[in-house]
Structure formats: C-alpha cells, structure tokens
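> Before anything else, here's the structure in question.
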Amino acid sequence: MATDQTRRIFADALTRLNSADASALLRYHFRVAIPTPDEFDSLTESTPLVAALRDRIAREGPITFRDFMEAALYDPRHGYYATQDASTSRAWDYVTSPEVHPIFGTLVAKQIIELWRALGSPARFDVVEPGAGRGLLARDILRRAAREPGFADAVRYHIVERFGRLQRLQEASLIEAEIEPARVTWHDALPRMGDGCVVSNELFDSFPVHRVANHNGRLRELYVDLHGGRFVDRLGPPSTDELRAYFDQLGLLPGDGCIAEVNLAAAAWMQEAAASVGRGYVLTFDYGYEAPELYAPWRRDGTLLCFYRQSASSDPYQRVGRQDITSSVDFTTLRRAGEEAGMRTAGYTDQADFLTRLGIAEGVATIARERPAEMEEYFARRDVVLALIDPARLGRIRVLLQAKDAPSGPFTGFVGE
Ligand SMILES: C[S@@+](CC[C@H](N)C(=O)[O-])C[C@H]1O[C@@H](n2cnc3c(N)ncnc32)[C@H](O)[C@@H]1O
C-alpha cells in the first residue's frame, strides 16, 4: 500500500502534472479491459499448438493449468514468447515500464549505481537481466552507465533469454543505441556472478502457475480438460504436495469457494538467483501483493489475466499461443524464498514511490523551468511520468530489493525524505 508520504508526493505531482488527455493516453497505452469479440475461441481455432494440446489431453487425460500455460507461452516452436519478433512487436499486447519512456531505465540505473557504490565501487560489476523483452531496459541502463565515471568501465551486462527471436530484437535495440557490443553477453540460464545485481521487470508474473480452489475447506486443483472440442476447467486433487505445503507455510488458504494461482516456480527461481550472485543484490519489479491480500476471500476468481492487442480478458483458452497470460506475484513467498537463500530484504515499496524518490518529477519540472520553449517535450514527459507512477496502473508495481553479503542501505529508491 502506498504510504501517506507517497500519497502526498503523488497528489503534489498530479497538481503539477494533471492533464485532460491523460486518461485517453492511459486508455491507449496501458492494460485496460476493453471487451473484444471472441474471434478465436478454442473451439474454432485450429493452430498446431491447440492441436498438440488437444492430442495430449485426449491421450493423457486432463493436464494441470501450469502445463497448459507453459505450452501456451513457452512452447519452443509455437508458444507466445517463442514466436515474438519485430513484426509481432509492432502490435505488442502489453506495455511495460521500459517501453513507456527511457526515464524508467535511467532511474533504475541511478539506483544500481548507488548499489555499486555500496559495495565499494568494485572494478567489475555484473548486471544480469532475465527476460529482457525488447532490450529497452538494458539499453537505458547502459546509456546512463556510460555517463558515470568508474561505473562505465566496471559494468558488464548479461541478458538471460531462451528465445532466439527475442535475442535478435534485443541486439537490434542495443545496436541502434550504439551500445558497445562487448558490454553485453547472452545466456540460456542465470550465469554465476561476482559482485553485481540481478534486475528483472515483469518476469515472475509470466511464470506458469497452478490454479487451485478452496472447495469447502479442501484444497483442489484446476486441470484443463476437453469438452465438445473446447478447453474447460476440471477440478481434481492437487497434482503435487508442494501446493499444500505452500499454503501451510503461509498459514492460510484462499477464501472458501475462491480460485487462486500458485506460482511455485517463482520461489525456486528466487533461490537460484540468490545462489548466482556472489556479493550484491536482486532488484525485482512486478505486479503483486502480500499473501493475505493476494488470497483474500473477496478475490473470488484469482488474478489470472490475458492480454491481446492491449485488451485484457480472463479467458486463457482463447487465442492459445497468441495472447499473453499473467498472474499477480505473492511477494510474501518471494521475500521468504530470498531470505531462506541467505538474502536480506533491503527495500520494499511500489514503483510510484521508487521513481518519485529517485527524482522522476524533478526531470519534468526542470524542463519547464530551464527550457520553457520546449513545451512539447514538457507535455510528453509529464504524461509519461503520470503513467509510470499512477497507483492504478504501472505505479502499483511492487519493487523489492534483496541483498546478499552486501550493505542493506538506506538506498534512495526506498527511503523517505
Ligand atoms: C512480460 S515479459 C517482460 C519483458 C521485459 N522485462 C519488459 O519489461 O518489457 C516476460 C519475459 O520473461 C521471459 N521469461 C520467462 N521466464 C523466464 C526465465 N526463467 N528466464 C528468463 N526469461 C524468462 C519471457 O520469455 C518474457 O520475455
């Protein structure tokens, strides 16, 4: 939840930045649910991926939603992320903070430079970014790094990317920005690092999740079955004991009659990230909540959301392999996973707070004050700032900083003035 101070800062920013066209901009650019006709439901759609999933279910019986989502997003030939390239990116289905404006990456770089200093300004500093999308965060961090004496020579950037098409998009963004190629290395999995920082934006919310339901106080799992050629939900016993253990550790269950998601991969990945860092930090930006809020009894249908051409729906059985599927992250479990792997929580806030504390509003005010002639730039920036810190949109993204064998602050993005 935003602190009183955030609310004050935000209200202040709004008075300075408010504009009549902001809502139109938000409607156009961000995740807004605008109903679209069901052009491609699972009955009429016949793609190789849908056919393969139907065959699998016919052969093996109902599969977990986790397996369905894994195939829909990550099937190596037909999955949503495996098939993204420059042509699909023109009509990208969702917009993330690095894509809104370079100011996001510039401020993240400012925070990372402070982390580097906290470690004693080591001569080499690895920044590792898993799931780098089009490479825009990498581009903006490296651009800002180039202006920072000492850090410019120390930084090595590593992108963890499984898909060749996305890697080529990332390379293109970096080449266009004239980033020195030797600064960036690509990996299939998290590399071993020395001193450094793992930074991710909207990574965990794209991990395949189990869907569960509390059915009269008993934990059940939702499987994907076929009915008349369509994919449908089917309740069954939990596919793994890890699901019960997950809720036992939290000491809660989703509300009676509620459906919820369980992202077992997120905690496992956080532990791997902790193991990969020699000395340093893991900095995470993602949509999510604390467990009691995520699994609150009023959240009847969970948080699963699908995105297609910037429209949201809650039906994962449409446009299989051609729409994004996400779910909100359980930050209680994510933090605990890091702590169990030897990290300390060094900061936890929301993106509105984080960017405000790092000075996002000042950049806009400076243009208005020092370059009054550049009104176009001023209005463009003002709208961008509004979008990145709006608590109803990107501003509500949670920001978590975890430290391993490294000072835990205070750091500018996480401390009050
Ligand atoms: C929602 S996109 C976010 C892209 C980018 N970070 C941005 O902010 O625009 C999530 C990305 O994470 C990638 N991803 C998912 N699991 C991954 C993993 N285990 N390792 C590396 N990347 C992963 C997906 O392939 C996808 O490209």
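Letters A, B, ... go to the chains of the structure tokens in the order shown; residues in each chain start at 1; ligands are counted from 1 in the same order.
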Can I get the residues of chain A within 10 Å of ligand 1, each with the closest pair of atoms and their distance in Å to one decimal, using only C-alpha atoms and all ligand atoms, sorted chain first then ascending number, as JSON lines?

```
{"residue": "A:Glu70", "atom": "CA", "partner": "ligand 1", "partner_atom_place_in_ligand_line": "16 (N)", "distance": 9.7}
{"residue": "A:Leu73", "atom": "CA", "partner": "ligand 1", "partner_atom_place_in_ligand_line": "25 (O)", "distance": 7.8}
{"residue": "A:Tyr74", "atom": "CA", "partner": "ligand 1", "partner_atom_place_in_ligand_line": "25 (O)", "distance": 7.1}
{"residue": "A:Gly79", "atom": "CA", "partner": "ligand 1", "partner_atom_place_in_ligand_line": "25 (O)", "distance": 9.6}
{"residue": "A:Tyr80", "atom": "CA", "partner": "ligand 1", "partner_atom_place_in_ligand_line": "25 (O)", "distance": 8.5}
{"residue": "A:Tyr81", "atom": "CA", "partner": "ligand 1", "partner_atom_place_in_ligand_line": "25 (O)", "distance": 5.2}
{"residue": "A:Ala82", "atom": "CA", "partner": "ligand 1", "partner_atom_place_in_ligand_line": "25 (O)", "distance": 7.3}
{"residue": "A:Gln84", "atom": "CA", "partner": "ligand 1", "partner_atom_place_in_ligand_line": "27 (O)", "distance": 8.7}
{"residue": "A:Asp93", "atom": "CA", "partner": "ligand 1", "partner_atom_place_in_ligand_line": "1 (C)", "distance": 9.8}
{"residue": "A:Tyr94", "atom": "CA", "partner": "ligand 1", "partner_atom_place_in_ligand_line": "1 (C)", "distance": 7.9}
{"residue": "A:Val95", "atom": "CA", "partner": "ligand 1", "partner_atom_place_in_ligand_line": "9 (O)", "distance": 7.1}
{"residue": "A:Thr96", "atom": "CA", "partner": "ligand 1", "partner_atom_place_in_ligand_line": "9 (O)", "distance": 4.9}
{"residue": "A:Ser97", "atom": "CA", "partner": "ligand 1", "partner_atom_place_in_ligand_line": "8 (O)", "distance": 6.2}
{"residue": "A:Pro98", "atom": "CA", "partner": "ligand 1", "partner_atom_place_in_ligand_line": "8 (O)", "distance": 5.8}
{"residue": "A:Glu99", "atom": "CA", "partner": "ligand 1", "partner_atom_place_in_ligand_line": "9 (O)", "distance": 6.4}
{"residue": "A:Val100", "atom": "CA", "partner": "ligand 1", "partner_atom_place_in_ligand_line": "9 (O)", "distance": 9.5}
{"residue": "A:Glu129", "atom": "CA", "partner": "ligand 1", "partner_atom_place_in_ligand_line": "6 (N)", "distance": 8.0}
{"residue": "A:Pro130", "atom": "CA", "partner": "ligand 1", "partner_atom_place_in_ligand_line": "21 (C)", "distance": 4.3}
{"residue": "A:Gly131", "atom": "CA", "partner": "ligand 1", "partner_atom_place_in_ligand_line": "22 (N)", "distance": 3.4}
{"residue": "A:Ala132", "atom": "CA", "partner": "ligand 1", "partner_atom_place_in_ligand_line": "6 (N)", "distance": 4.3}
{"residue": "A:Gly133", "atom": "CA", "partner": "ligand 1", "partner_atom_place_in_ligand_line": "4 (C)", "distance": 3.7}
{"residue": "A:Arg134", "atom": "CA", "partner": "ligand 1", "partner_atom_place_in_ligand_line": "9 (O)", "distance": 6.4}
{"residue": "A:Gly135", "atom": "CA", "partner": "ligand 1", "partner_atom_place_in_ligand_line": "5 (C)", "distance": 7.4}
{"residue": "A:Leu136", "atom": "CA", "partner": "ligand 1", "partner_atom_place_in_ligand_line": "9 (O)", "distance": 7.3}
{"residue": "A:Leu137", "atom": "CA", "partner": "ligand 1", "partner_atom_place_in_ligand_line": "8 (O)", "distance": 7.2}
{"residue": "A:Ala138", "atom": "CA", "partner": "ligand 1", "partner_atom_place_in_ligand_line": "6 (N)", "distance": 9.5}
{"residue": "A:Ile159", "atom": "CA", "partner": "ligand 1", "partner_atom_place_in_ligand_line": "21 (C)", "distance": 8.2}
{"residue": "A:Val160", "atom": "CA", "partner": "ligand 1", "partner_atom_place_in_ligand_line": "21 (C)", "distance": 5.1}
{"residue": "A:Glu161", "atom": "CA", "partner": "ligand 1", "partner_atom_place_in_ligand_line": "21 (C)", "distance": 5.1}
{"residue": "A:Arg162", "atom": "CA", "partner": "ligand 1", "partner_atom_place_in_ligand_line": "21 (C)", "distance": 6.4}
{"residue": "A:Phe163", "atom": "CA", "partner": "ligand 1", "partner_atom_place_in_ligand_line": "25 (O)", "distance": 7.1}
{"residue": "A:Leu166", "atom": "CA", "partner": "ligand 1", "partner_atom_place_in_ligand_line": "27 (O)", "distance": 7.2}
{"residue": "A:Gln167", "atom": "CA", "partner": "ligand 1", "partner_atom_place_in_ligand_line": "27 (O)", "distance": 9.6}
{"residue": "A:His187", "atom": "CA", "partner": "ligand 1", "partner_atom_place_in_ligand_line": "21 (C)", "distance": 9.0}
{"residue": "A:Asp188", "atom": "CA", "partner": "ligand 1", "partner_atom_place_in_ligand_line": "21 (C)", "distance": 7.6}
{"residue": "A:Ala189", "atom": "CA", "partner": "ligand 1", "partner_atom_place_in_ligand_line": "20 (N)", "distance": 6.5}
{"residue": "A:Leu190", "atom": "CA", "partner": "ligand 1", "partner_atom_place_in_ligand_line": "20 (N)", "distance": 7.5}
{"residue": "A:Val199", "atom": "CA", "partner": "ligand 1", "partner_atom_place_in_ligand_line": "6 (N)", "distance": 9.2}
{"residue": "A:Ser200", "atom": "CA", "partner": "ligand 1", "partner_atom_place_in_ligand_line": "6 (N)", "distance": 6.1}
{"residue": "A:Asn201", "atom": "CA", "partner": "ligand 1", "partner_atom_place_in_ligand_line": "6 (N)", "distance": 4.4}
{"residue": "A:Glu202", "atom": "CA", "partner": "ligand 1", "partner_atom_place_in_ligand_line": "3 (C)", "distance": 4.9}
{"residue": "A:Leu203", "atom": "CA", "partner": "ligand 1", "partner_atom_place_in_ligand_line": "12 (O)", "distance": 4.6}
{"residue": "A:Phe204", "atom": "CA", "partner": "ligand 1", "partner_atom_place_in_ligand_line": "16 (N)", "distance": 7.1}
{"residue": "A:Asp205", "atom": "CA", "partner": "ligand 1", "partner_atom_place_in_ligand_line": "1 (C)", "distance": 7.0}
{"residue": "A:Ser206", "atom": "CA", "partner": "ligand 1", "partner_atom_place_in_ligand_line": "10 (C)", "distance": 5.5}
{"residue": "A:Phe207", "atom": "CA", "partner": "ligand 1", "partner_atom_place_in_ligand_line": "16 (N)", "distance": 5.7}
{"residue": "A:Pro208", "atom": "CA", "partner": "ligand 1", "partner_atom_place_in_ligand_line": "16 (N)", "distance": 8.5}
{"residue": "A:Ala265", "atom": "CA", "partner": "ligand 1", "partner_atom_place_in_ligand_line": "19 (N)", "distance": 8.5}
{"residue": "A:Ala266", "atom": "CA", "partner": "ligand 1", "partner_atom_place_in_ligand_line": "19 (N)", "distance": 9.0}
{"residue": "A:Trp269", "atom": "CA", "partner": "ligand 1", "partner_atom_place_in_ligand_line": "19 (N)", "distance": 7.3}
{"residue": "A:Phe285", "atom": "CA", "partner": "ligand 1", "partner_atom_place_in_ligand_line": "8 (O)", "distance": 8.7}
{"residue": "A:Asp286", "atom": "CA", "partner": "ligand 1", "partner_atom_place_in_ligand_line": "8 (O)", "distance": 9.2}
{"residue": "A:Asp324", "atom": "CA", "partner": "ligand 1", "partner_atom_place_in_ligand_line": "1 (C)", "distance": 7.9}
{"residue": "A:Ile325", "atom": "CA", "partner": "ligand 1", "partner_atom_place_in_ligand_line": "1 (C)", "distance": 8.8}
{"residue": "A:Thr326", "atom": "CA", "partner": "ligand 1", "partner_atom_place_in_ligand_line": "1 (C)", "distance": 7.8}
```
> Using only C-alpha atoms, find each residue of stretch 150-244 of chain A with at least one atom at most 6 Å away from an atom of stretch 106-126 of chain A; report its shortest atom-to-atom pair and that distance in Å (one decimal), sort the rows by chain and rising residue number, and return the result as CSV.

```
residue,atom,partner,partner_atom,distance
A:Ala154,CA,A:Arg124,CA,4.2
A:Val155,CA,A:Phe125,CA,4.8
A:Arg156,CA,A:Asp126,CA,4.9
A:Tyr157,CA,A:Asp126,CA,5.9
A:Asp195,CA,A:Phe125,CA,5.3
A:Gly196,CA,A:Asp126,CA,4.4
```
> Select from stretch 92-254 of chain A everything DSSP, run on the backbone, classes as helix (DSSP H, G or I), then give the selection as a PyMOL selection string.
chain A and resi 97-100+102-118+136-145+151-154+164-176+181-183+204-206+241-250
> My list of candidates is A:Trp298, A:His78, A:Thr64, A:Arg234. Which is closest to A:Thr47 when distances are computed with only C-alpha atoms?
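Selected residue with least distance to A:Thr47: A:His78.
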> Please provide as a PyMOL selection string all residues within 9 Å of A:Met193, with the sequence filter that same-chain residues fewer than 5 positions apart are discarded (counting only C-alpha atoms).
chain A and resi 125-128+276-279
> How would the residues just chosen look if you wrote them out with C-alpha atoms as a short mmCIF file (atom, residue, chain, number, x, y, z; two decimals), in the first residue's frame?

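The new file selection-v1.cif reads:
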```
data_model
loop_
_atom_site.label_atom_id
_atom_site.label_comp_id
_atom_site.auth_asym_id
_atom_site.auth_seq_id
_atom_site.Cartn_x
_atom_site.Cartn_y
_atom_site.Cartn_z
CA PHE A 125 30.08 -5.23 -11.65
CA ASP A 126 27.70 -7.68 -13.37
CA VAL A 127 24.14 -6.61 -14.12
CA VAL A 128 22.04 -9.64 -15.04
CA SER A 276 24.03 -16.95 -8.68
CA VAL A 277 25.03 -13.66 -7.00
CA GLY A 278 28.49 -13.62 -5.40
CA ARG A 279 28.00 -10.37 -3.48
#
```
> What's around stretch 235-244 of chain A at 7 Å? Count only C-alpha atoms, leave out sequence neighbours fewer than 4 positions away in its own chain, and write the answer as a ChimeraX atom specification.
/A:220-223,248
> What lies within 10 Å of A:Leu304 using only C-alpha atoms, ignoring chain neighbours under 2 positions off, as a short mmCIF file (atom, residue, chain, number, x, y, z; two decimals) with C-alpha atoms, in the first residue's frame?

```
data_model
loop_
_atom_site.label_atom_id
_atom_site.label_comp_id
_atom_site.auth_asym_id
_atom_site.auth_seq_id
_atom_site.Cartn_x
_atom_site.Cartn_y
_atom_site.Cartn_z
CA ASP A 205 4.16 -12.66 -13.43
CA VAL A 209 1.14 -21.13 -12.41
CA ARG A 211 -4.64 -22.85 -10.35
CA ILE A 259 -9.95 -19.74 -7.24
CA ALA A 260 -6.30 -18.68 -6.88
CA GLU A 261 -2.93 -19.10 -8.58
CA ASP A 301 -11.52 -15.63 -9.35
CA GLY A 302 -7.83 -15.10 -8.64
CA CYS A 306 -4.68 -12.41 -20.57
CA SER A 313 -9.57 -10.80 -20.71
CA SER A 314 -9.72 -13.56 -18.13
CA ASP A 315 -10.09 -16.43 -20.62
CA PRO A 316 -6.82 -18.32 -21.11
CA ILE A 325 -1.11 -14.77 -19.77
CA THR A 326 -0.07 -13.29 -16.40
CA SER A 327 -0.89 -13.58 -12.72
CA SER A 328 0.00 -11.43 -9.71
#
```
> From a backbone DSSP assignment, name each residue in stretch 162-298 of chain A labelled strand (DSSP E or B), as a ChimeraX atom specification.
/A:184-187,195-201,210-215,218-227,230-236,259-262,279-286,288-289
> Write out as a list in words the residues lying within 9 Å of A:Thr332, counting only C-alpha atoms and excluding same-chain residues fewer than 4 positions away.
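Neighbouring residues, sequence-local ones excluded: Leu250, Tyr289, Glu290, Ala291, Pro292, Arg336 and Ala337 of chain A.
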> The selected residues should be written to file as a compact mmCIF listing (two decimals), in the first residue's frame (atoms: N, CA and C atoms).

```txt
# COMPACT_ATOMS: atom_id res chain seq x y z
N LEU A 250 2.37 -20.46 4.49
CA LEU A 250 1.77 -19.13 4.63
C LEU A 250 0.80 -19.07 5.81
N TYR A 289 1.11 -8.78 -4.65
CA TYR A 289 0.57 -8.40 -3.33
C TYR A 289 1.25 -9.24 -2.27
N GLU A 290 1.05 -8.83 -1.03
CA GLU A 290 1.36 -9.70 0.11
C GLU A 290 0.35 -10.85 0.08
N ALA A 291 0.76 -12.02 0.61
CA ALA A 291 -0.11 -13.21 0.52
C ALA A 291 -1.53 -12.99 1.07
N PRO A 292 -1.69 -12.36 2.25
CA PRO A 292 -3.06 -12.22 2.76
C PRO A 292 -3.96 -11.41 1.82
N ARG A 336 10.40 -14.41 1.36
CA ARG A 336 10.81 -15.51 2.23
C ARG A 336 11.80 -16.43 1.49
N ALA A 337 11.54 -16.68 0.21
CA ALA A 337 12.44 -17.55 -0.57
C ALA A 337 13.84 -16.95 -0.60
```
> Would you list the contacts of A:Ile63 as a PDB file with C-alpha atoms, in the first residue's frame, taking every protein, DNA or RNA residue within 7 Å and counting only C-alpha atoms, but skipping same-chain residues closer than 6 positions in sequence?

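And here is the file that came out, selection-v4.pdb:
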```
ATOM      1  CA  ILE A  57      -5.302 -34.228 -23.253  1.00  0.00           C
ATOM      2  CA  TYR A 223      -6.947 -29.017 -14.555  1.00  0.00           C
ATOM      3  CA  VAL A 224      -7.512 -28.347 -18.250  1.00  0.00           C
ATOM      4  CA  ASP A 225      -9.809 -30.853 -19.946  1.00  0.00           C
TER       5      ASP A 225
END
```
> How far is it from atom CA of A:Arg398 to atom CA of A:Arg144, in Å with one decimal?
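Computing it gives 23.0 Å between the two atoms.
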